[in-house]
Amino acid sequence: MSNNLAPSPAEAEVAAPRAAGENSPANPAAGTDEIADGRREPFLAALGERVRALRARRGLTRKALARATGVSERHLANLEYGVGNASILILLNVTRALQCSLAEVLGDVTTRSPEWLMLREMLSDRDEATLRRVRLAASELVGAAPPRSDEASTRSRRIALIGLRGAGKSTLGRMLAEDLDFPFVELSREIEKLAGCSISEILGLYGQNAYRRYERRALEEAIDAYPEAVIATAGGLVSDLVSFNLLLRRCASVWLKADPEDHMSRVAAQGDLRPMAASREAMDDLKSILAGRAAFYSKADMHIDTSAQSLIETFQVLRAEVRTTLGLAV
């Protein structure tokens, strides 16, 4: 598909280059015997995979995570590859002896009361479809969702576009807003207005947590201000579950997805060569971010592959799906 779907460079997430050596433990000697005979402790290996997936979902390199935590890259590498972290195995053995979860020992929020623990037990072996039904029912029960009577008239008339940078949210969002005669809201611009500086300055000066706070506020204000709108979000919004839940409750959502090669080439076509110039492994980074976020993007009401056809054809598919959702003539 044509590269002219490149979005605004102001989007927060970029397939940032990895630090050298991220494909192997930073300390080759650490856990050598465990790796050589294939006997890495399964719990540590699974823990490392979860950490690596969380890092990818947030679009962070290991170097960036090391800066944010004050933990050395060497230690983080060993953590992600499941070696050299015996201290947590002591806790694991304690939990086995006590017949409880590690979360219960660490004080996870879902272990702080008997009701939480009973809910955990009840839902622990349920499939995704069942968990989704429970989540939606719970949202209504606790008042975290609009009344059903409001959904068709309010929620569906805010169209939120989600997806990784390079999916076409800005380009297709403007086209859709013009077709519907709705306001077009690019959330990254609203974030910059709230902060009084660019997104790169927010991230550089205050960090990702501050950026997420501005992002959540910008989303809340956009929803309050516009009963009808097309909203283009930044790809990392799904990393903040509070913001993502708000978007799913108050907007009809569309996941614009694309092949990794299209994501990369569209960003480059826009003039941003940093991902490819800085690291030969940038494509692997981008694929990791996609893999980490895809399960969240898939919660959207509509899915459209922007790599499957030309820009105009993609817009026609998007237009038809959204107009059908709104009950308008196609």
# chains A, B, ... in the order shown; residues from 1 in each chain; ligands from 1
>>> residues_around(residues="stretch 117-130 of chain A", least_positions_apart="3", cutoff="12 Å", atoms="only C-alpha atoms", output="ChimeraX atom specification")
/A:100-101,103-104,107-114,133-138,295-296,298-299
>>> write_last_selection(atoms="all heavy atoms", output="compact mmCIF listing (two decimals), in the first residue's frame")
# COMPACT_ATOMS: atom_id res chain seq x y z
N CYS A 100 -0.14 -20.46 48.21
CA CYS A 100 -0.75 -19.20 47.79
C CYS A 100 -0.01 -18.70 46.56
O CYS A 100 0.98 -19.29 46.13
CB CYS A 100 -0.69 -18.17 48.91
SG CYS A 100 0.99 -17.64 49.33
N SER A 101 -0.50 -17.63 45.97
CA SER A 101 0.14 -17.06 44.79
C SER A 101 1.25 -16.09 45.19
O SER A 101 1.26 -15.56 46.31
CB SER A 101 -0.89 -16.31 43.94
OG SER A 101 -1.33 -15.16 44.62
N ALA A 103 1.53 -13.22 43.97
CA ALA A 103 0.86 -11.92 44.12
C ALA A 103 0.39 -11.71 45.54
O ALA A 103 0.45 -10.60 46.08
CB ALA A 103 -0.32 -11.84 43.15
N GLU A 104 -0.06 -12.78 46.20
CA GLU A 104 -0.56 -12.66 47.56
C GLU A 104 0.57 -12.30 48.52
O GLU A 104 0.40 -11.51 49.45
CB GLU A 104 -1.21 -13.98 47.98
CG GLU A 104 -2.26 -13.83 49.06
CD GLU A 104 -3.09 -15.09 49.22
OE1 GLU A 104 -3.09 -15.94 48.29
OE2 GLU A 104 -3.75 -15.21 50.26
N GLY A 107 1.58 -8.60 47.81
CA GLY A 107 0.59 -7.59 48.15
C GLY A 107 -0.10 -6.99 46.95
O GLY A 107 -0.44 -5.81 46.93
N ASP A 108 -0.31 -7.78 45.90
CA ASP A 108 -1.04 -7.32 44.73
C ASP A 108 -2.44 -6.84 45.13
O ASP A 108 -3.05 -7.38 46.05
CB ASP A 108 -1.14 -8.48 43.72
CG ASP A 108 -1.86 -8.09 42.45
OD1 ASP A 108 -3.10 -8.20 42.43
OD2 ASP A 108 -1.20 -7.66 41.49
N VAL A 109 -2.96 -5.83 44.41
CA VAL A 109 -4.25 -5.24 44.77
C VAL A 109 -5.36 -6.29 44.78
O VAL A 109 -6.32 -6.20 45.56
CB VAL A 109 -4.61 -4.09 43.81
CG1 VAL A 109 -4.81 -4.60 42.39
CG2 VAL A 109 -5.84 -3.33 44.29
N THR A 110 -5.23 -7.30 43.94
CA THR A 110 -6.29 -8.32 43.86
C THR A 110 -6.20 -9.35 44.98
O THR A 110 -6.90 -10.36 44.95
CB THR A 110 -6.25 -9.04 42.50
OG1 THR A 110 -5.00 -9.72 42.36
CG2 THR A 110 -6.44 -8.07 41.37
N THR A 111 -5.33 -9.11 45.95
CA THR A 111 -5.22 -10.04 47.08
C THR A 111 -5.51 -9.35 48.41
O THR A 111 -5.30 -9.93 49.47
CB THR A 111 -3.79 -10.64 47.16
OG1 THR A 111 -2.85 -9.60 47.48
CG2 THR A 111 -3.41 -11.29 45.85
N ARG A 112 -6.02 -8.12 48.36
CA ARG A 112 -6.11 -7.34 49.59
C ARG A 112 -7.37 -7.63 50.41
O ARG A 112 -7.51 -7.13 51.52
CB ARG A 112 -6.04 -5.85 49.27
CG ARG A 112 -7.24 -5.30 48.53
CD ARG A 112 -7.02 -3.85 48.13
NE ARG A 112 -8.19 -3.29 47.46
CZ ARG A 112 -8.20 -2.09 46.87
NH1 ARG A 112 -7.11 -1.36 46.88
NH2 ARG A 112 -9.28 -1.66 46.29
N SER A 113 -8.30 -8.40 49.87
CA SER A 113 -9.51 -8.73 50.62
C SER A 113 -10.02 -10.10 50.20
O SER A 113 -9.68 -10.59 49.11
CB SER A 113 -10.60 -7.69 50.38
OG SER A 113 -11.16 -7.85 49.09
N PRO A 114 -10.85 -10.73 51.03
CA PRO A 114 -11.41 -12.03 50.64
C PRO A 114 -12.20 -11.98 49.34
O PRO A 114 -12.14 -12.93 48.54
CB PRO A 114 -12.31 -12.37 51.84
CG PRO A 114 -11.70 -11.66 52.99
CD PRO A 114 -11.18 -10.37 52.42
N ARG A 133 -17.09 -10.93 28.82
CA ARG A 133 -18.47 -10.76 29.27
C ARG A 133 -18.52 -10.32 30.73
O ARG A 133 -19.32 -9.46 31.12
CB ARG A 133 -19.25 -12.06 29.08
CG ARG A 133 -19.51 -12.41 27.62
CD ARG A 133 -20.63 -13.45 27.49
NE ARG A 133 -20.30 -14.70 28.18
CZ ARG A 133 -19.61 -15.69 27.61
NH1 ARG A 133 -19.18 -15.58 26.36
NH2 ARG A 133 -19.38 -16.81 28.29
N VAL A 134 -17.64 -10.89 31.54
CA VAL A 134 -17.60 -10.51 32.95
C VAL A 134 -17.16 -9.06 33.09
O VAL A 134 -17.72 -8.30 33.90
CB VAL A 134 -16.64 -11.44 33.73
CG1 VAL A 134 -16.41 -10.93 35.15
CG2 VAL A 134 -17.18 -12.86 33.76
N ARG A 135 -16.14 -8.65 32.31
CA ARG A 135 -15.66 -7.26 32.38
C ARG A 135 -16.76 -6.28 32.01
O ARG A 135 -16.95 -5.26 32.68
CB ARG A 135 -14.45 -7.09 31.45
CG ARG A 135 -13.96 -5.65 31.34
CD ARG A 135 -12.70 -5.54 30.52
NE ARG A 135 -12.88 -5.97 29.14
CZ ARG A 135 -13.39 -5.21 28.17
NH1 ARG A 135 -13.80 -3.97 28.41
NH2 ARG A 135 -13.50 -5.68 26.93
N LEU A 136 -17.50 -6.56 30.94
CA LEU A 136 -18.55 -5.67 30.50
C LEU A 136 -19.68 -5.60 31.54
O LEU A 136 -20.21 -4.53 31.84
CB LEU A 136 -19.09 -6.11 29.15
CG LEU A 136 -18.12 -6.00 27.97
CD1 LEU A 136 -18.75 -6.56 26.70
CD2 LEU A 136 -17.69 -4.56 27.75
N ALA A 137 -20.02 -6.76 32.11
CA ALA A 137 -21.06 -6.78 33.14
C ALA A 137 -20.61 -6.02 34.38
O ALA A 137 -21.39 -5.27 34.98
CB ALA A 137 -21.41 -8.23 33.49
N ALA A 138 -19.34 -6.20 34.74
CA ALA A 138 -18.82 -5.50 35.92
C ALA A 138 -18.78 -3.99 35.68
O ALA A 138 -19.03 -3.20 36.59
CB ALA A 138 -17.43 -6.02 36.25
N ALA A 295 -3.10 -7.80 21.26
CA ALA A 295 -4.24 -8.33 22.01
C ALA A 295 -5.12 -7.21 22.55
O ALA A 295 -6.33 -7.39 22.70
CB ALA A 295 -3.74 -9.21 23.16
N PHE A 296 -4.52 -6.04 22.83
CA PHE A 296 -5.28 -4.90 23.33
C PHE A 296 -5.97 -4.18 22.17
O PHE A 296 -7.14 -3.82 22.26
CB PHE A 296 -4.37 -3.95 24.11
CG PHE A 296 -3.85 -4.54 25.38
CD1 PHE A 296 -2.70 -5.30 25.39
CD2 PHE A 296 -4.53 -4.38 26.57
CE1 PHE A 296 -2.22 -5.88 26.55
CE2 PHE A 296 -4.08 -4.94 27.75
CZ PHE A 296 -2.91 -5.69 27.74
N SER A 298 -6.97 -5.45 19.56
CA SER A 298 -8.04 -6.32 19.05
C SER A 298 -9.35 -6.15 19.80
O SER A 298 -10.38 -6.66 19.36
CB SER A 298 -7.60 -7.79 19.08
OG SER A 298 -7.47 -8.24 20.41
N LYS A 299 -9.34 -5.45 20.94
CA LYS A 299 -10.58 -5.17 21.67
C LYS A 299 -11.45 -4.14 20.96
O LYS A 299 -12.60 -3.92 21.34
CB LYS A 299 -10.26 -4.67 23.09
CG LYS A 299 -9.44 -5.63 23.93
CD LYS A 299 -10.12 -6.95 24.15
CE LYS A 299 -9.28 -7.89 24.99
NZ LYS A 299 -9.88 -9.24 25.09
>>> residues_around(residues="stretch 201-214 of chain A", least_positions_apart="3", cutoff="8 Å", atoms="only C-alpha atoms", output="number ranges by chain")
A: 191, 194-195, 197-198, 217-218, 237, 240
>>> write_last_selection(atoms="N, CA, C and O atoms", output="PDB file, in the first residue's frame")
ATOM      1  N   ILE A 191      -2.598  16.978  23.639  1.00  0.00           N
ATOM      2  CA  ILE A 191      -1.638  16.769  24.723  1.00  0.00           C
ATOM      3  C   ILE A 191      -0.635  17.917  24.758  1.00  0.00           C
ATOM      4  O   ILE A 191      -0.310  18.451  25.830  1.00  0.00           O
ATOM      5  N   LEU A 194      -2.169  21.032  26.241  1.00  0.00           N
ATOM      6  CA  LEU A 194      -2.292  20.952  27.699  1.00  0.00           C
ATOM      7  C   LEU A 194      -0.951  21.160  28.390  1.00  0.00           C
ATOM      8  O   LEU A 194      -0.864  21.840  29.419  1.00  0.00           O
ATOM      9  N   ALA A 195       0.104  20.573  27.820  1.00  0.00           N
ATOM     10  CA  ALA A 195       1.420  20.630  28.454  1.00  0.00           C
ATOM     11  C   ALA A 195       2.165  21.921  28.142  1.00  0.00           C
ATOM     12  O   ALA A 195       3.064  22.314  28.888  1.00  0.00           O
ATOM     13  N   CYS A 197       4.106  22.269  25.621  1.00  0.00           N
ATOM     14  CA  CYS A 197       5.375  21.921  24.980  1.00  0.00           C
ATOM     15  C   CYS A 197       5.150  20.690  24.108  1.00  0.00           C
ATOM     16  O   CYS A 197       4.066  20.098  24.119  1.00  0.00           O
ATOM     17  N   SER A 198       6.170  20.317  23.346  1.00  0.00           N
ATOM     18  CA  SER A 198       6.030  19.189  22.435  1.00  0.00           C
ATOM     19  C   SER A 198       6.046  17.871  23.201  1.00  0.00           C
ATOM     20  O   SER A 198       6.487  17.795  24.358  1.00  0.00           O
ATOM     21  N   ARG A 217      -5.885  13.016  30.409  1.00  0.00           N
ATOM     22  CA  ARG A 217      -6.649  14.257  30.548  1.00  0.00           C
ATOM     23  C   ARG A 217      -7.140  14.744  29.194  1.00  0.00           C
ATOM     24  O   ARG A 217      -8.286  15.196  29.056  1.00  0.00           O
ATOM     25  N   ALA A 218      -6.290  14.645  28.163  1.00  0.00           N
ATOM     26  CA  ALA A 218      -6.689  15.086  26.827  1.00  0.00           C
ATOM     27  C   ALA A 218      -7.843  14.241  26.302  1.00  0.00           C
ATOM     28  O   ALA A 218      -8.780  14.761  25.679  1.00  0.00           O
ATOM     29  N   LEU A 237      -1.523   4.376  23.745  1.00  0.00           N
ATOM     30  CA  LEU A 237      -2.630   4.603  24.671  1.00  0.00           C
ATOM     31  C   LEU A 237      -3.089   3.300  25.321  1.00  0.00           C
ATOM     32  O   LEU A 237      -3.528   3.298  26.474  1.00  0.00           O
ATOM     33  N   ASP A 240      -1.989   2.285  28.908  1.00  0.00           N
ATOM     34  CA  ASP A 240      -2.640   2.838  30.099  1.00  0.00           C
ATOM     35  C   ASP A 240      -4.062   2.287  30.136  1.00  0.00           C
ATOM     36  O   ASP A 240      -4.946   2.752  29.417  1.00  0.00           O
TER      37      ASP A 240
END
>>> closest_residue(among="A:Ala252, A:Ile312, A:Met283, A:Leu161", to="A:Ser265", atoms="only C-alpha atoms")
A:Met283
>>> select_by_dssp(residues="stretch 125-200 of chain A", states="strand (DSSP E or B)", output="PyMOL selection string")
chain A and resi 158-162+184-186
>>> write_last_selection(atoms="all heavy atoms", output="short mmCIF file (atom, residue, chain, number, x, y, z; two decimals), in the first residue's frame")
data_model
loop_
_atom_site.label_atom_id
_atom_site.label_comp_id
_atom_site.auth_asym_id
_atom_site.auth_seq_id
_atom_site.Cartn_x
_atom_site.Cartn_y
_atom_site.Cartn_z
N ARG A 158 -18.79 8.89 18.61
CA ARG A 158 -17.38 9.27 18.76
C ARG A 158 -16.58 8.10 18.19
O ARG A 158 -16.63 6.99 18.72
CB ARG A 158 -16.99 9.49 20.22
CG ARG A 158 -17.65 10.67 20.88
CD ARG A 158 -17.03 10.90 22.26
NE ARG A 158 -17.94 11.69 23.07
CZ ARG A 158 -18.84 11.18 23.90
NH1 ARG A 158 -18.96 9.86 24.01
NH2 ARG A 158 -19.61 11.97 24.61
N ILE A 159 -15.84 8.33 17.15
CA ILE A 159 -15.07 7.28 16.49
C ILE A 159 -13.62 7.45 16.88
O ILE A 159 -12.99 8.45 16.54
CB ILE A 159 -15.22 7.35 14.96
CG1 ILE A 159 -16.70 7.44 14.56
CG2 ILE A 159 -14.53 6.15 14.32
CD1 ILE A 159 -17.54 6.27 15.00
N ALA A 160 -13.07 6.49 17.62
CA ALA A 160 -11.68 6.55 18.04
C ALA A 160 -10.85 5.58 17.21
O ALA A 160 -11.19 4.40 17.11
CB ALA A 160 -11.56 6.21 19.52
N LEU A 161 -9.80 6.08 16.62
CA LEU A 161 -8.90 5.27 15.80
C LEU A 161 -7.68 4.90 16.65
O LEU A 161 -7.01 5.77 17.20
CB LEU A 161 -8.45 6.03 14.56
CG LEU A 161 -9.58 6.61 13.69
CD1 LEU A 161 -8.99 7.34 12.48
CD2 LEU A 161 -10.55 5.52 13.24
N ILE A 162 -7.41 3.60 16.75
CA ILE A 162 -6.25 3.14 17.51
C ILE A 162 -5.35 2.32 16.60
O ILE A 162 -5.75 1.87 15.53
CB ILE A 162 -6.68 2.31 18.74
CG1 ILE A 162 -7.36 1.00 18.31
CG2 ILE A 162 -7.61 3.12 19.64
CD1 ILE A 162 -7.67 0.07 19.48
N PHE A 184 -12.42 16.74 13.85
CA PHE A 184 -11.31 15.80 13.90
C PHE A 184 -10.41 16.20 15.06
O PHE A 184 -9.95 17.34 15.14
CB PHE A 184 -10.50 15.80 12.60
CG PHE A 184 -9.28 14.91 12.66
CD1 PHE A 184 -9.41 13.54 12.81
CD2 PHE A 184 -8.00 15.45 12.58
CE1 PHE A 184 -8.29 12.71 12.86
CE2 PHE A 184 -6.88 14.64 12.62
CZ PHE A 184 -7.03 13.27 12.77
N VAL A 185 -10.15 15.27 15.97
CA VAL A 185 -9.33 15.53 17.14
C VAL A 185 -8.10 14.64 17.09
O VAL A 185 -8.21 13.41 17.13
CB VAL A 185 -10.10 15.26 18.45
CG1 VAL A 185 -9.21 15.54 19.66
CG2 VAL A 185 -11.38 16.07 18.52
N GLU A 186 -6.93 15.25 16.95
CA GLU A 186 -5.69 14.49 17.01
C GLU A 186 -5.17 14.61 18.44
O GLU A 186 -4.74 15.67 18.87
CB GLU A 186 -4.67 15.01 16.00
CG GLU A 186 -3.48 14.10 15.84
CD GLU A 186 -2.78 14.29 14.51
OE1 GLU A 186 -2.93 15.36 13.90
OE2 GLU A 186 -2.07 13.35 14.09
#
>>> closest_residue(among="A:Val51, A:Leu44, A:Leu106, A:Ala258", to="A:Ala86", atoms="only C-alpha atoms")
A:Leu44
>>> closest_residue(among="A:Trp116, A:Leu76, A:Ala97, A:Tyr226", to="A:Lys63", atoms="only C-alpha atoms")
A:Leu76
>>> closest_residue(among="A:Leu164, A:Asp259, A:Asp224, A:Met264", to="A:Gly59", atoms="only C-alpha atoms")
A:Leu164
>>> atom_distance(atom1="atom CA of A:Ala53", atom2="atom CA of A:Lys257")
19.2 Å
>>> atom_distance(atom1="atom CA of A:Glu73", atom2="atom CA of A:His263")
27.9 Å
